[in-house]
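J.: Got a structure for you, query.pdb, holding PDB, C-alpha atoms.
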ATOM      1  CA  ILE B   1     138.108 -38.266 -33.124
ATOM      2  CA  LEU B   2     135.732 -39.393 -30.404
ATOM      3  CA  SER B   3     134.697 -42.971 -29.769
ATOM      4  CA  GLU B   4     131.429 -44.302 -28.409
ATOM      5  CA  TYR B   5     133.210 -44.651 -25.070
ATOM      6  CA  ASP B   6     134.026 -40.937 -25.046
ATOM      7  CA  LEU B   7     130.356 -40.155 -25.556
ATOM      8  CA  GLU B   8     129.249 -42.706 -22.977
ATOM      9  CA  ASN B   9     131.630 -41.109 -20.484
ATOM     10  CA  ALA B  10     130.497 -37.598 -21.448
ATOM     11  CA  ASP B  11     134.133 -36.741 -22.153
ATOM     12  CA  LEU B  12     133.505 -33.562 -24.161
ATOM     13  CA  GLN B  13     135.664 -31.104 -22.245
ATOM     14  CA  GLY B  14     136.974 -28.280 -24.416
ATOM     15  CA  ILE B  15     134.854 -29.235 -27.439
ATOM     16  CA  LYS B  16     132.795 -26.515 -29.112
ATOM     17  CA  VAL B  17     131.401 -28.490 -32.052
ATOM     18  CA  LEU B  18     130.526 -32.162 -32.348
ATOM     19  CA  MET B  19     130.203 -33.703 -35.825
ATOM     20  CA  LEU B  20     128.238 -36.918 -36.348
ATOM     21  CA  PRO B  21     128.668 -37.973 -40.013
ATOM     22  CA  ASP B  22     125.946 -40.584 -40.598
ATOM     23  CA  VAL B  23     126.668 -42.127 -37.183
ATOM     24  CA  ARG B  24     123.815 -44.587 -37.394
ATOM     25  CA  VAL B  25     124.512 -46.359 -34.105
ATOM     26  CA  LEU B  26     124.010 -44.278 -30.960
ATOM     27  CA  SER B  27     123.147 -45.760 -27.595
ATOM     28  CA  ASP B  28     120.483 -44.128 -25.464
ATOM     29  CA  ARG B  29     123.182 -42.838 -23.121
ATOM     30  CA  SER B  30     125.281 -41.375 -25.965
ATOM     31  CA  THR B  31     122.145 -39.752 -27.331
ATOM     32  CA  GLU B  32     121.447 -38.089 -23.997
ATOM     33  CA  VAL B  33     125.068 -36.930 -23.682
ATOM     34  CA  VAL B  34     124.838 -35.259 -27.106
ATOM     35  CA  ARG B  35     121.461 -33.727 -26.258
ATOM     36  CA  ARG B  36     122.778 -32.209 -23.025
ATOM     37  CA  PHE B  37     125.951 -31.037 -24.770
ATOM     38  CA  VAL B  38     123.909 -29.056 -27.294
ATOM     39  CA  LYS B  39     121.451 -27.642 -24.769
ATOM     40  CA  ALA B  40     124.387 -26.431 -22.678
ATOM     41  CA  GLY B  41     125.691 -24.398 -25.642
ATOM     42  CA  GLY B  42     127.573 -26.895 -27.793
ATOM     43  CA  GLY B  43     127.328 -26.981 -31.565
ATOM     44  CA  LEU B  44     126.220 -30.050 -33.518
ATOM     45  CA  VAL B  45     126.516 -30.937 -37.208
ATOM     46  CA  ALA B  46     125.008 -34.327 -38.091
ATOM     47  CA  SER B  47     124.083 -36.060 -41.328
ATOM     48  CA  GLY B  48     122.178 -38.941 -42.857
ATOM     49  CA  GLY B  49     120.820 -41.654 -40.616
ATOM     50  CA  THR B  50     122.533 -40.566 -37.413
ATOM     51  CA  GLY B  51     120.927 -42.280 -34.431
ATOM     52  CA  LEU B  52     118.647 -44.643 -36.386
ATOM     53  CA  TYR B  53     120.026 -47.684 -34.502
ATOM     54  CA  ASP B  54     120.644 -48.313 -30.826
ATOM     55  CA  HIS B  55     123.717 -50.000 -29.316
ATOM     56  CA  THR B  56     122.236 -53.471 -30.027
ATOM     57  CA  LEU B  57     121.865 -52.539 -33.731
ATOM     58  CA  THR B  58     118.101 -52.499 -33.319
ATOM     59  CA  ARG B  59     116.446 -50.152 -35.802
ATOM     60  CA  ARG B  60     114.567 -47.247 -34.277
ATOM     61  CA  THR B  61     111.452 -45.834 -35.891
ATOM     62  CA  ASN B  62     112.912 -42.330 -35.768
ATOM     63  CA  PHE B  63     116.197 -40.537 -35.110
ATOM     64  CA  SER B  64     117.168 -40.778 -31.452
ATOM     65  CA  LEU B  65     118.008 -37.061 -31.732
ATOM     66  CA  GLY B  66     114.953 -36.101 -33.755
ATOM     67  CA  ASP B  67     114.018 -33.465 -31.188
ATOM     68  CA  VAL B  68     117.489 -31.947 -31.588
ATOM     69  CA  PHE B  69     117.575 -32.245 -35.399
ATOM     70  CA  GLN B  70     114.021 -30.871 -35.643
ATOM     71  CA  ALA B  71     113.378 -33.630 -38.178
ATOM     72  CA  ASP B  72     111.506 -36.922 -38.435
ATOM     73  CA  TYR B  73     112.748 -39.890 -40.454
ATOM     74  CA  VAL B  74     110.874 -41.003 -43.573
ATOM     75  CA  ALA B  75     113.228 -43.077 -45.764
ATOM     76  CA  SER B  76     116.849 -43.575 -46.847
ATOM     77  CA  ARG B  77     118.477 -43.728 -50.256
ATOM     78  CA  GLU B  78     121.946 -45.245 -50.701
ATOM     79  CA  VAL B  79     123.875 -43.850 -53.670
ATOM     80  CA  ASN B  80     127.016 -45.490 -55.021
ATOM     81  CA  THR B  81     127.419 -43.981 -58.498
ATOM     82  CA  ARG B  82     127.348 -40.577 -60.136
ATOM     83  CA  GLU B  83     124.071 -41.476 -61.851
ATOM     84  CA  GLY B  84     122.332 -41.459 -58.480
ATOM     85  CA  GLY B  85     122.852 -37.796 -57.800
ATOM     86  CA  VAL B  86     120.431 -35.281 -56.374
ATOM     87  CA  SER B  87     119.971 -31.554 -56.995
ATOM     88  CA  LEU B  88     120.057 -28.946 -54.236
ATOM     89  CA  TRP B  89     118.113 -25.686 -54.072
ATOM     90  CA  LEU B  90     119.138 -22.858 -51.736
ATOM     91  CA  ALA B  91     115.865 -22.044 -49.986
ATOM     92  CA  LYS B  92     117.436 -19.418 -47.696
ATOM     93  CA  PRO B  93     120.420 -18.048 -49.665
ATOM     94  CA  GLU B  94     120.844 -15.120 -47.261
ATOM     95  CA  HIS B  95     121.535 -17.370 -44.263
ATOM     96  CA  PRO B  96     125.153 -17.037 -43.010
ATOM     97  CA  ILE B  97     125.869 -20.672 -43.900
ATOM     98  CA  LEU B  98     124.900 -20.139 -47.541
ATOM     99  CA  LYS B  99     125.807 -16.503 -48.193
ATOM    100  CA  ASP B 100     129.132 -17.413 -49.754
ATOM    101  CA  ASP B 101     130.483 -16.823 -53.270
ATOM    102  CA  GLY B 102     132.069 -20.273 -53.162
ATOM    103  CA  ILE B 103     128.553 -21.719 -52.936
ATOM    104  CA  THR B 104     126.497 -19.437 -55.159
ATOM    105  CA  GLY B 105     129.190 -19.468 -57.850
ATOM    106  CA  GLU B 106     128.705 -23.208 -58.357
ATOM    107  CA  LYS B 107     124.985 -23.032 -59.153
ATOM    108  CA  LYS B 108     123.784 -24.017 -62.619
ATOM    109  CA  THR B 109     122.799 -20.684 -64.086
ATOM    110  CA  ALA B 110     124.842 -19.365 -67.020
ATOM    111  CA  TRP B 111     124.255 -22.185 -69.491
ATOM    112  CA  ARG B 112     120.519 -22.391 -68.801
ATOM    113  CA  ASN B 113     119.772 -19.322 -70.930
ATOM    114  CA  PRO B 114     122.347 -19.202 -73.772
ATOM    115  CA  SER B 115     120.449 -16.498 -75.679
ATOM    116  CA  GLY B 116     120.179 -14.060 -72.793
ATOM    117  CA  PRO B 117     121.413 -13.173 -69.335
ATOM    118  CA  PRO B 118     121.957 -16.063 -66.911
ATOM    119  CA  ALA B 119     119.217 -16.950 -64.500
ATOM    120  CA  GLU B 120     119.516 -15.373 -61.058
ATOM    121  CA  ARG B 121     119.134 -18.705 -59.276
ATOM    122  CA  GLY B 122     119.987 -22.291 -60.091
ATOM    123  CA  TRP B 123     120.432 -25.777 -58.668
ATOM    124  CA  LEU B 124     123.583 -27.383 -57.289
ATOM    125  CA  GLU B 125     124.561 -30.944 -58.159
ATOM    126  CA  LEU B 126     125.367 -33.463 -55.414
ATOM    127  CA  VAL B 127     126.416 -37.101 -55.578
ATOM    128  CA  SER B 128     125.759 -38.743 -52.221
ATOM    129  CA  SER B 129     123.311 -40.846 -50.287
ATOM    130  CA  TRP B 130     120.438 -38.986 -48.693
ATOM    131  CA  THR B 131     117.694 -39.345 -46.124
ATOM    132  CA  THR B 132     114.157 -38.167 -46.701
ATOM    133  CA  VAL B 133     112.831 -36.349 -43.639
ATOM    134  CA  ARG B 134     109.981 -34.121 -42.526
ATOM    135  CA  ALA B 135     111.165 -30.918 -40.891
ATOM    136  CA  ARG B 136     109.508 -29.920 -37.637
ATOM    137  CA  GLU B 137     108.116 -26.443 -37.144
ATOM    138  CA  ALA B 138     111.152 -25.237 -35.176
ATOM    139  CA  GLY B 139     113.558 -26.337 -37.904
ATOM    140  CA  GLU B 140     114.564 -23.823 -40.579
ATOM    141  CA  VAL B 141     114.998 -25.527 -43.958
ATOM    142  CA  LEU B 142     117.961 -23.797 -45.591
ATOM    143  CA  VAL B 143     118.460 -26.176 -48.522
ATOM    144  CA  GLN B 144     116.031 -28.449 -50.354
ATOM    145  CA  MET B 145     116.783 -31.440 -52.593
ATOM    146  CA  SER B 146     115.099 -33.129 -55.520
ATOM    147  CA  THR B 147     116.031 -35.845 -58.002
ATOM    148  CA  ASN B 148     114.431 -33.996 -60.903
ATOM    149  CA  GLU B 149     114.791 -30.333 -59.943
ATOM    150  CA  ASN B 150     111.154 -30.208 -58.919
ATOM    151  CA  LEU B 151     110.640 -27.856 -55.984
ATOM    152  CA  ALA B 152     107.082 -29.080 -55.472
ATOM    153  CA  ALA B 153     108.430 -32.549 -54.638
ATOM    154  CA  ALA B 154     111.583 -31.398 -52.835
ATOM    155  CA  SER B 155     112.498 -32.479 -49.308
ATOM    156  CA  PRO B 156     114.819 -30.856 -46.736
ATOM    157  CA  ALA B 157     118.554 -31.181 -47.414
ATOM    158  CA  MET B 158     119.828 -28.879 -44.640
ATOM    159  CA  ILE B 159     117.951 -27.917 -41.467
ATOM    160  CA  ALA B 160     119.218 -25.324 -38.989
ATOM    161  CA  SER B 161     117.814 -25.021 -35.483
ATOM    162  CA  THR B 162     118.592 -24.262 -31.873
ATOM    163  CA  ALA B 163     118.287 -26.429 -28.777
ATOM    164  CA  GLY B 164     118.730 -24.728 -25.437
ATOM    165  CA  GLN B 165     121.857 -22.590 -25.772
ATOM    166  CA  GLY B 166     123.257 -24.599 -28.670
ATOM    167  CA  ARG B 167     122.926 -24.570 -32.443
ATOM    168  CA  VAL B 168     122.334 -27.541 -34.732
ATOM    169  CA  VAL B 169     122.715 -28.205 -38.452
ATOM    170  CA  PHE B 170     121.220 -31.475 -39.687
ATOM    171  CA  LEU B 171     122.123 -32.656 -43.202
ATOM    172  CA  PRO B 172     119.686 -35.182 -44.706
ATOM    173  CA  ALA B 173     121.771 -34.723 -47.870
ATOM    174  CA  GLU B 174     125.075 -36.292 -46.870
ATOM    175  CA  LEU B 175     127.505 -33.536 -47.807
ATOM    176  CA  ASP B 176     130.250 -35.330 -45.868
ATOM    177  CA  GLN B 177     129.955 -38.433 -48.055
ATOM    178  CA  ALA B 178     129.839 -36.281 -51.187
ATOM    179  CA  MET B 179     133.015 -34.505 -50.077
ATOM    180  CA  PHE B 180     134.722 -37.896 -49.884
ATOM    181  CA  PHE B 181     133.595 -39.345 -53.215
ATOM    182  CA  TYR B 182     132.819 -36.379 -55.504
ATOM    183  CA  PRO B 183     134.124 -33.213 -53.814
ATOM    184  CA  ASN B 184     133.128 -29.748 -54.947
ATOM    185  CA  THR B 185     134.029 -26.291 -53.708
ATOM    186  CA  TYR B 186     130.503 -25.497 -52.568
ATOM    187  CA  ILE B 187     130.320 -28.695 -50.470
ATOM    188  CA  SER B 188     133.405 -27.828 -48.448
ATOM    189  CA  ARG B 189     132.143 -24.267 -47.967
ATOM    190  CA  MET B 190     128.767 -25.483 -46.719
ATOM    191  CA  LEU B 191     130.414 -27.847 -44.246
ATOM    192  CA  MET B 192     132.886 -25.243 -43.011
ATOM    193  CA  ASN B 193     130.245 -22.527 -42.718
ATOM    194  CA  ALA B 194     127.920 -24.897 -40.865
ATOM    195  CA  VAL B 195     130.640 -25.647 -38.321
ATOM    196  CA  ARG B 196     131.361 -21.951 -37.824
ATOM    197  CA  TRP B 197     127.657 -21.151 -37.435
ATOM    198  CA  VAL B 198     126.965 -23.803 -34.795
ATOM    199  CA  ALA B 199     130.126 -22.631 -33.002
ATOM    200  CA  HIS B 200     128.544 -19.158 -32.730
ATOM    201  CA  ASP B 201     131.374 -17.933 -34.977
ATOM    202  CA  ALA B 202     134.001 -18.682 -32.329
ATOM    203  CA  PRO B 203     137.441 -18.779 -34.001
ATOM    204  CA  PRO B 204     138.841 -22.262 -34.655
ATOM    205  CA  PRO B 205     141.946 -23.380 -32.737
ATOM    206  CA  VAL B 206     144.036 -23.194 -35.918
ATOM    207  CA  GLU B 207     143.542 -21.425 -39.257
ATOM    208  CA  VAL B 208     145.688 -22.133 -42.307
ATOM    209  CA  GLU B 209     145.772 -20.329 -45.651
ATOM    210  CA  GLY B 210     147.126 -22.264 -48.604
ATOM    211  CA  PRO B 211     146.313 -24.178 -51.818
ATOM    212  CA  LEU B 212     143.667 -26.892 -51.622
ATOM    213  CA  MET B 213     146.407 -29.500 -52.043
ATOM    214  CA  LEU B 214     147.573 -28.654 -48.526
ATOM    215  CA  ALA B 215     146.483 -31.214 -45.952
ATOM    216  CA  THR B 216     146.504 -29.919 -42.383
ATOM    217  CA  THR B 217     146.020 -31.621 -39.052
ATOM    218  CA  PHE B 218     146.717 -30.486 -35.510
ATOM    219  CA  ARG B 219     147.043 -32.048 -32.096
ATOM    220  CA  ARG B 220     146.712 -30.384 -28.744
ATOM    221  CA  GLN B 221     149.140 -31.305 -25.972
ATOM    222  CA  PRO B 222     147.618 -29.673 -22.867
ATOM    223  CA  ALA B 223     150.190 -31.153 -20.502
ATOM    224  CA  LYS B 224     152.926 -29.326 -22.422
ATOM    225  CA  ASN B 225     150.759 -26.272 -23.102
ATOM    226  CA  ARG B 226     151.247 -26.446 -26.861
ATOM    227  CA  THR B 227     149.539 -27.197 -30.161
ATOM    228  CA  VAL B 228     151.359 -29.097 -32.893
ATOM    229  CA  VAL B 229     150.292 -28.305 -36.463
ATOM    230  CA  HIS B 230     151.211 -30.658 -39.315
ATOM    231  CA  LEU B 231     151.266 -29.192 -42.837
ATOM    232  CA  LEU B 232     151.439 -31.909 -45.510
ATOM    233  CA  ASN B 233     152.137 -31.065 -49.147
ATOM    234  CA  ASP B 234     150.931 -34.463 -50.286
ATOM    235  CA  GLN B 235     147.643 -34.251 -52.130
ATOM    236  CA  SER B 236     147.428 -35.962 -55.516
ATOM    237  CA  SER B 237     146.341 -33.816 -58.442
ATOM    238  CA  TYR B 238     143.419 -36.186 -58.975
ATOM    239  CA  GLY B 239     142.581 -36.799 -55.345
ATOM    240  CA  ARG B 240     142.576 -39.942 -53.255
ATOM    241  CA  HIS B 241     139.018 -39.756 -52.146
ATOM    242  CA  SER B 242     137.080 -42.351 -54.094
ATOM    243  CA  ILE B 243     137.174 -46.142 -53.966
ATOM    244  CA  TYR B 244     135.246 -46.011 -57.240
ATOM    245  CA  GLN B 245     138.146 -44.466 -59.137
ATOM    246  CA  LYS B 246     139.808 -47.718 -60.120
ATOM    247  CA  LEU B 247     142.578 -48.709 -62.478
ATOM    248  CA  THR B 248     142.618 -52.065 -64.286
ATOM    249  CA  LEU B 249     146.182 -53.356 -64.674
ATOM    250  CA  PRO B 250     147.431 -55.540 -67.592
ATOM    251  CA  ASP B 251     147.027 -58.674 -65.468
ATOM    252  CA  HIS B 252     143.338 -57.729 -65.021
ATOM    253  CA  SER B 253     143.781 -56.918 -61.360
ATOM    254  CA  VAL B 254     142.103 -53.780 -60.091
ATOM    255  CA  THR B 255     143.563 -51.147 -57.850
ATOM    256  CA  GLY B 256     142.627 -47.611 -57.101
ATOM    257  CA  PRO B 257     142.534 -44.800 -56.996
ATOM    258  CA  TRP B 258     145.551 -44.172 -59.227
ATOM    259  CA  THR B 259     147.063 -41.057 -57.770
ATOM    260  CA  VAL B 260     148.925 -38.911 -60.264
ATOM    261  CA  ARG B 261     150.803 -35.748 -59.438
ATOM    262  CA  ARG B 262     150.981 -33.178 -62.180
ATOM    263  CA  GLU B 263     152.652 -30.400 -60.223
ATOM    264  CA  VAL B 264     154.343 -29.600 -56.943
ATOM    265  CA  ILE B 265     153.498 -26.268 -55.381
ATOM    266  CA  PRO B 266     155.974 -25.058 -52.745
ATOM    267  CA  LEU B 267     154.374 -24.251 -49.419
ATOM    268  CA  HIS B 268     155.893 -21.864 -46.906
TER     269      HIS B 268
END
As structure tokens - that is how I would like this structure written.

T.:
Amino acid sequence: ILSEYDLENADLQGIKVLMLPDVRVLSDRSTEVVRRFVKAGGGLVASGGTGLYDHTLTRRTNFSLGDVFQADYVASREVNTREGGVSLWLAKPEHPILKDDGITGEKKTAWRNPSGPPAERGWLELVSSWTTVRAREAGEVLVQMSTNENLAAASPAMIASTAGQGRVVFLPAELDQAMFFYPNTYISRMLMNAVRWVAHDAPPPVEVEGPLMLATTFRRQPAKNRTVVHLLNDQSSYGRHSIYQKLTLPDHSVTGPWTVRREVIPLH
């Protein structure tokens, strides 16, 4: 996890991919550090309103990294409930980020034609905030989004581009927020594939195979020339992701989420 001070000090040694999840406040200096990082070959995945405010919390008229995102700001939509969802359409399904059974298998297809074969293509459902943008000519729109499944009125949800030697994926549809509140297999695959793509498919420092209930973190200790990997068999069967999953107790107090474990899967 990097702080604003790390960015200000350009302390990005050894980093291949930088993720900016709706990081709305970016100083001019941090913006320039990120820009140079990407142009020198670094990967960037950013979402939402990243860079819409400067270090004094003054609103900018456009993203400070608009030239890197290949997108211009239009408007924002905050979503707090499932009823505020948006639908996604894979505009470039053959792109390496999207060519994944874990993504295409979640599209709404089979039930749309109960009397015949399923449709070849369908929409994906997303519950998250989103930012309406206009894609620039150098930005490749991989995914579009619409509130009513209307392609004619759709706006970019995922834009892929290059800047210098680096690659960039900008997510006006905040997949990172959706993964926190209402996770879905296709969301995690999109995020993971985006990271791999901007990293030019360089292998990650650590890869782990296991059930989705496995939580994994790692820490590098360069001074001791070692990497410490922590495998935690501690994910609730219902997840711990959403502050909106609340439980009302008999005394009318509210807590949440109520984490219930229905099984324990041994991990080796």

J.: Rounded to one decimal place, report the CA of Phe63 in chain B-CA of Glu174 in chain B distance in Å.

T.: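 Result for CA of Phe63 in chain B versus CA of Glu174 in chain B: 15.3 Å, one decimal.
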
J.: Evaluating the PyMOL selection byres ((chain B and resi 146) around 10) on the displayed file yields which residues, as an MDAnalysis selection string?

T.: chainID B and resid 85:89 123 144:145 147:157

J.: Exactly which residues make up the result of the PyMOL selection byres ((chain B and resi 173) around 8) on this file, given as a CSV table (one decimal) with C-alpha atoms, keeping the file's coordinate frame?

T.:
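Listing of out04.csv after writing:
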chain,number,residue,atom,x,y,z
B,47,SER,CA,124.1,-36.1,-41.3
B,48,GLY,CA,122.2,-38.9,-42.9
B,128,SER,CA,125.8,-38.7,-52.2
B,129,SER,CA,123.3,-40.8,-50.3
B,130,TRP,CA,120.4,-39.0,-48.7
B,131,THR,CA,117.7,-39.3,-46.1
B,145,MET,CA,116.8,-31.4,-52.6
B,157,ALA,CA,118.6,-31.2,-47.4
B,158,MET,CA,119.8,-28.9,-44.6
B,171,LEU,CA,122.1,-32.7,-43.2
B,172,PRO,CA,119.7,-35.2,-44.7
B,174,GLU,CA,125.1,-36.3,-46.9
B,175,LEU,CA,127.5,-33.5,-47.8

J.: Apply the PyMOL selection byres ((chain B and resi 182) around 9) to the structure shown and report the selected residues as a list in words.

T.: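 When the PyMOL selection byres ((chain B and resi 182) around 9) is applied to the shown file, the picked residues are Arg82, Leu126, Val127, Ser128, Gln177, Ala178, Met179, Phe180, Phe181, Pro183, Asn184, His241 and Ser242 of chain B.
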
J.: Since we have the selection now, will you write its residues out, keeping C-alpha atoms, as an mmCIF file, in the frame of the given file?

T.:
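Produced file part_18.cif, reproduced below:
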data_model
loop_
_atom_site.group_PDB
_atom_site.id
_atom_site.type_symbol
_atom_site.label_atom_id
_atom_site.label_comp_id
_atom_site.auth_asym_id
_atom_site.auth_seq_id
_atom_site.Cartn_x
_atom_site.Cartn_y
_atom_site.Cartn_z
ATOM 1 C CA ARG B 82 127.348 -40.577 -60.136
ATOM 2 C CA LEU B 126 125.367 -33.463 -55.414
ATOM 3 C CA VAL B 127 126.416 -37.101 -55.578
ATOM 4 C CA SER B 128 125.759 -38.743 -52.221
ATOM 5 C CA GLN B 177 129.955 -38.433 -48.055
ATOM 6 C CA ALA B 178 129.839 -36.281 -51.187
ATOM 7 C CA MET B 179 133.015 -34.505 -50.077
ATOM 8 C CA PHE B 180 134.722 -37.896 -49.884
ATOM 9 C CA PHE B 181 133.595 -39.345 -53.215
ATOM 10 C CA PRO B 183 134.124 -33.213 -53.814
ATOM 11 C CA ASN B 184 133.128 -29.748 -54.947
ATOM 12 C CA HIS B 241 139.018 -39.756 -52.146
ATOM 13 C CA SER B 242 137.080 -42.351 -54.094
#

J.: Which distance in Å separates CA of Ile15 in chain B and CA of Lys224 in chain B, to one decimal?

T.: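 Distance between the two atoms: 18.8 Å.
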
J.: Point out the residue among B:Asp72, B:Glu207, B:Asp101, B:Asp54 with the least atom-to-atom distance to Ile159 in chain B, counting all atoms listed in the file.

T.: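 Counting all atoms listed in the file, the residue closest to Ile159 in chain B is B:Asp72.
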
J.: Under the rule that only C-alpha atoms are counted, which of B:Ala194, B:Leu65, B:Ala10, B:Leu20 is the nearest residue to Val169 in chain B?

T.: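 Closest to Val169 in chain B, using only C-alpha atoms: B:Ala194.
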
J.: Can you tell me how far CA of Thr104 in chain B sits from CA of Thr50 in chain B, in Å to one decimal?

T.: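 That distance, rounded to one decimal, is 27.9 Å.
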
J.: Given the choices B:Thr216, B:Val38, B:Val133, B:Leu231, which gets closest to Gln165 in chain B if the distance is worked out from only C-alpha atoms?

T.: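 Between B:Thr216, B:Val38, B:Val133, B:Leu231, the residue approaching Gln165 in chain B most closely is B:Val38.
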
J.: For each of B:Leu191, B:Leu18, B:Ala138, B:Leu7, take the minimum atom-to-atom distance to Leu98 in chain B, counting all atoms listed in the file, then give the residue where this is smallest.

T.: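 Ranked by minimum distance to Leu98 in chain B, first place goes to B:Leu191.
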
J.: Write out as an mmCIF file with C-alpha atoms, keeping the file's coordinate frame each polymer residue whose atoms come within 12 Å of Ala202 in chain B, counting only C-alpha atoms; drop sequence neighbours fewer than 5 positions from it.

T.:
data_model
loop_
_atom_site.group_PDB
_atom_site.id
_atom_site.type_symbol
_atom_site.label_atom_id
_atom_site.label_comp_id
_atom_site.auth_asym_id
_atom_site.auth_seq_id
_atom_site.Cartn_x
_atom_site.Cartn_y
_atom_site.Cartn_z
ATOM 1 C CA ILE B 15 134.854 -29.235 -27.439
ATOM 2 C CA LYS B 16 132.795 -26.515 -29.112
ATOM 3 C CA VAL B 17 131.401 -28.490 -32.052
ATOM 4 C CA GLY B 42 127.573 -26.895 -27.793
ATOM 5 C CA GLY B 43 127.328 -26.981 -31.565
ATOM 6 C CA ASN B 193 130.245 -22.527 -42.718
ATOM 7 C CA VAL B 195 130.640 -25.647 -38.321
ATOM 8 C CA ARG B 196 131.361 -21.951 -37.824
ATOM 9 C CA TRP B 197 127.657 -21.151 -37.435
#

J.: Using all atoms listed in the file, pick whichever of B:Thr56, B:Ser64, B:Asn233, B:Gln70 has the shortest atom-to-atom distance to Thr31 in chain B.

T.: B:Ser64

J.: Could you write range 87-93 of chain B as a tab-separated table (two decimals), in the frame of the given file, with all heavy atoms rebuilt where they are missing?

T.:
chain	number	residue	atom	x	y	z
B	87	SER	N	119.76	-32.99	-56.79
B	87	SER	CA	119.97	-31.55	-57.00
B	87	SER	C	119.55	-30.78	-55.75
B	87	SER	O	118.55	-31.12	-55.11
B	87	SER	CB	119.17	-31.06	-58.20
B	87	SER	OG	119.57	-31.73	-59.38
B	88	LEU	N	120.32	-29.75	-55.42
B	88	LEU	CA	120.06	-28.95	-54.24
B	88	LEU	C	119.59	-27.55	-54.63
B	88	LEU	O	120.09	-26.95	-55.59
B	88	LEU	CB	121.33	-28.82	-53.38
B	88	LEU	CG	122.02	-30.11	-52.92
B	88	LEU	CD1	123.21	-29.78	-52.05
B	88	LEU	CD2	121.05	-31.02	-52.20
B	89	TRP	N	118.64	-27.03	-53.85
B	89	TRP	CA	118.11	-25.69	-54.07
B	89	TRP	C	118.30	-24.89	-52.78
B	89	TRP	O	117.91	-25.33	-51.71
B	89	TRP	CB	116.62	-25.75	-54.43
B	89	TRP	CG	116.01	-24.40	-54.68
B	89	TRP	CD1	115.28	-23.66	-53.80
B	89	TRP	CD2	116.08	-23.64	-55.88
B	89	TRP	NE1	114.88	-22.48	-54.39
B	89	TRP	CE2	115.35	-22.44	-55.68
B	89	TRP	CE3	116.67	-23.85	-57.13
B	89	TRP	CZ2	115.21	-21.47	-56.66
B	89	TRP	CZ3	116.55	-22.87	-58.10
B	89	TRP	CH2	115.82	-21.71	-57.87
B	90	LEU	N	118.92	-23.71	-52.90
B	90	LEU	CA	119.14	-22.86	-51.74
B	90	LEU	C	117.85	-22.13	-51.39
B	90	LEU	O	117.48	-21.14	-52.03
B	90	LEU	CB	120.26	-21.85	-52.01
B	90	LEU	CG	121.61	-22.44	-52.45
B	90	LEU	CD1	122.64	-21.32	-52.58
B	90	LEU	CD2	122.09	-23.51	-51.50
B	91	ALA	N	117.15	-22.64	-50.37
B	91	ALA	CA	115.86	-22.04	-49.99
B	91	ALA	C	116.05	-20.74	-49.22
B	91	ALA	O	115.20	-19.85	-49.29
B	91	ALA	CB	115.07	-23.04	-49.14
B	92	LYS	N	117.16	-20.63	-48.48
B	92	LYS	CA	117.44	-19.42	-47.70
B	92	LYS	C	118.85	-18.93	-48.02
B	92	LYS	O	119.76	-19.04	-47.19
B	92	LYS	CB	117.31	-19.71	-46.20
B	92	LYS	CG	115.93	-20.19	-45.75
B	92	LYS	CD	114.91	-19.09	-45.80
B	92	LYS	CE	113.53	-19.56	-45.33
B	92	LYS	NZ	113.48	-19.92	-43.92
B	93	PRO	N	119.06	-18.41	-49.23
B	93	PRO	CA	120.42	-18.05	-49.66
B	93	PRO	C	121.07	-16.95	-48.83
B	93	PRO	O	122.29	-16.79	-48.88
B	93	PRO	CB	120.22	-17.60	-51.12
B	93	PRO	CG	118.78	-17.20	-51.20
B	93	PRO	CD	118.06	-18.11	-50.27
